[in-house]
Amino acid sequence: MIGYLIKNNFKIMFRNGINLIIYIIGPVIISAVLASAFSSLFESYESVGDFKAGYSIEKDSELVPYIDILKKAAEENGVYLTEYEPGTAEESIKDHDLGGFVEFEKGTYRVFVSEDAEPEGAILDYLMSTFFNAMISGDAGDYELSVKHPDYAPSIDSTDYYGIIYIVYFGWLAIVCAAGLLSNELKHRIPERLQVSNLSVFQIYMSRLIPLVCSVALSLGIAAVLNSVLLGVHWGNILLSSVIVLILIIAASSFGLMLYEFTGSMVASIFIAFALIWSMGFIGGTFESYIMSSLPEGLKHLMPIYHANRALVELSSMGKSDYVISAIAIPGVIAVVCSALAVGAAGIKRRVK
């Protein structure tokens, strides 16, 4: 019985195939438009290598005994410091093409940086802050002082970024593809008919979930291939990326079906899902690249969509990512919890009726 129901639901979904077509061409069109619009912005974002910086130091500065140690620590981290006269920071940056300049005064220091060298300035400021903290704690006398560069996103172009990100975004909106199926059920009063069958609420739920997941996965799989062929999107580890996308589709489908069981309305379910997914996307890098976003990292990490975005983009650009586990585990938990809630809600409805 359940096999027949799944097969019938597949037919209904493909009979109302406009949503599936949108899922194929939508990511391709949006990716192409945004990749073109933001290509220059991504080209200007590059990781920082070794660079030269200048410094000046007052005679009564507490750093005088430590300056050689600081220069050695900076050099080990790719920053080469050269001394200049006090009060010449801006002129020295311009005349000597420096990545930044530090003025050491009594009890304080100031970092200068030109507008086109903000990453270098961030590294220089981080280096100074770390060294001063070590000096205060008494560890600066160690020539093996470890100073790490701040994290910078790996190099990736706009085509790869948006070609991947919008597969994720459309995947999270999977409930849209169920509109034809769920509307058909209401029209023909299928839920009421199924109540007299020997199917459990879990079986009925799976008869919806399986066709929905398979249809969305197939559509987005075609879209991903088109992105690769037409736009040249690179997916990195294809097998691992496919697993991440498939699990998020299962989570999104479970989430959407849970909303439908709670609201009993297809319109309300899509509206709520869209509002929540749009918010997650806004924070998680769908519209403004997470690479350049100024939102707090803690807030981003609360968004499931961010973990998928980060994992897939880094797999594309580096071949590995520390976010793979969270990109799989978080949607996996969401899928289990939402499925349990949806089945529970359906069971309560059946008993009430």
# chains A, B, ... in the order shown; residues from 1 in each chain; ligands from 1
call {"tool": "closest_atom_pairs", "arguments": {"of": "range 162-212 of chain A", "to": "range 9-30 of chain A", "cutoff": "10 Å", "atoms": "only C-alpha atoms", "output": "tab-separated table"}}
result
residue	atom	partner	partner_atom	distance
A:Tyr162	CA	A:Ile30	CA	8.1
A:Gly163	CA	A:Val28	CA	7.2
A:Ile164	CA	A:Pro27	CA	9.0
A:Ile165	CA	A:Pro27	CA	9.0
A:Tyr166	CA	A:Pro27	CA	5.5
A:Ile167	CA	A:Pro27	CA	6.1
A:Val168	CA	A:Pro27	CA	9.3
A:Tyr169	CA	A:Pro27	CA	8.7
A:Phe170	CA	A:Tyr23	CA	7.0
A:Gly171	CA	A:Tyr23	CA	8.7
A:Leu173	CA	A:Tyr23	CA	9.7
A:Ala174	CA	A:Tyr23	CA	9.1
A:Val176	CA	A:Asn19	CA	7.1
A:Cys177	CA	A:Asn19	CA	5.4
A:Ala178	CA	A:Met13	CA	7.2
A:Ala179	CA	A:Asn19	CA	8.3
A:Gly180	CA	A:Asn16	CA	5.8
A:Leu181	CA	A:Met13	CA	5.7
A:Leu182	CA	A:Met13	CA	9.4
A:Asn184	CA	A:Ile12	CA	7.9
A:Glu185	CA	A:Asn9	CA	9.6
A:Ser207	CA	A:Asn9	CA	7.3
A:Arg208	CA	A:Asn9	CA	7.0
A:Leu209	CA	A:Asn9	CA	9.8
A:Ile210	CA	A:Phe10	CA	8.9
A:Pro211	CA	A:Phe10	CA	5.4
A:Leu212	CA	A:Met13	CA	8.0
call {"tool": "select_by_dssp", "arguments": {"residues": "range 4-65 of chain A", "states": "alpha helix (DSSP H)", "output": "PyMOL selection string"}}
result
chain A and resi 4-15+18-37+39-43
call {"tool": "closest_residue", "arguments": {"among": "A:Ala335, A:Val113, A:Ala89, A:Ile204", "to": "Leu5 in chain A", "atoms": "only C-alpha atoms"}}
result
A:Ile204
call {"tool": "closest_atom_pairs", "arguments": {"of": "range 280-327 of chain A", "to": "range 229-235 of chain A", "cutoff": "10 Å", "atoms": "only C-alpha atoms", "output": "JSON lines"}}
result
{"residue": "A:Leu312", "atom": "CA", "partner": "A:Trp235", "partner_atom": "CA", "distance": 7.4}
{"residue": "A:Val313", "atom": "CA", "partner": "A:Trp235", "partner_atom": "CA", "distance": 7.9}
{"residue": "A:Glu314", "atom": "CA", "partner": "A:Trp235", "partner_atom": "CA", "distance": 9.5}
{"residue": "A:Leu315", "atom": "CA", "partner": "A:Trp235", "partner_atom": "CA", "distance": 7.1}
{"residue": "A:Ser316", "atom": "CA", "partner": "A:Trp235", "partner_atom": "CA", "distance": 4.9}
{"residue": "A:Ser317", "atom": "CA", "partner": "A:His234", "partner_atom": "CA", "distance": 8.3}
{"residue": "A:Gly319", "atom": "CA", "partner": "A:Trp235", "partner_atom": "CA", "distance": 9.1}
call {"tool": "residues_around", "arguments": {"residues": "Trp172 in chain A", "least_positions_apart": "4", "cutoff": "8 Å", "atoms": "only C-alpha atoms", "output": "ChimeraX atom specification"}}
result
/A:168,248-249,251-253,277,305
call {"tool": "residues_around", "arguments": {"residues": "Ser92 in chain A", "least_positions_apart": "3", "cutoff": "12 Å", "atoms": "only C-alpha atoms", "output": "ChimeraX atom specification"}}
result
/A:52-56,82-89,95-103,112-114
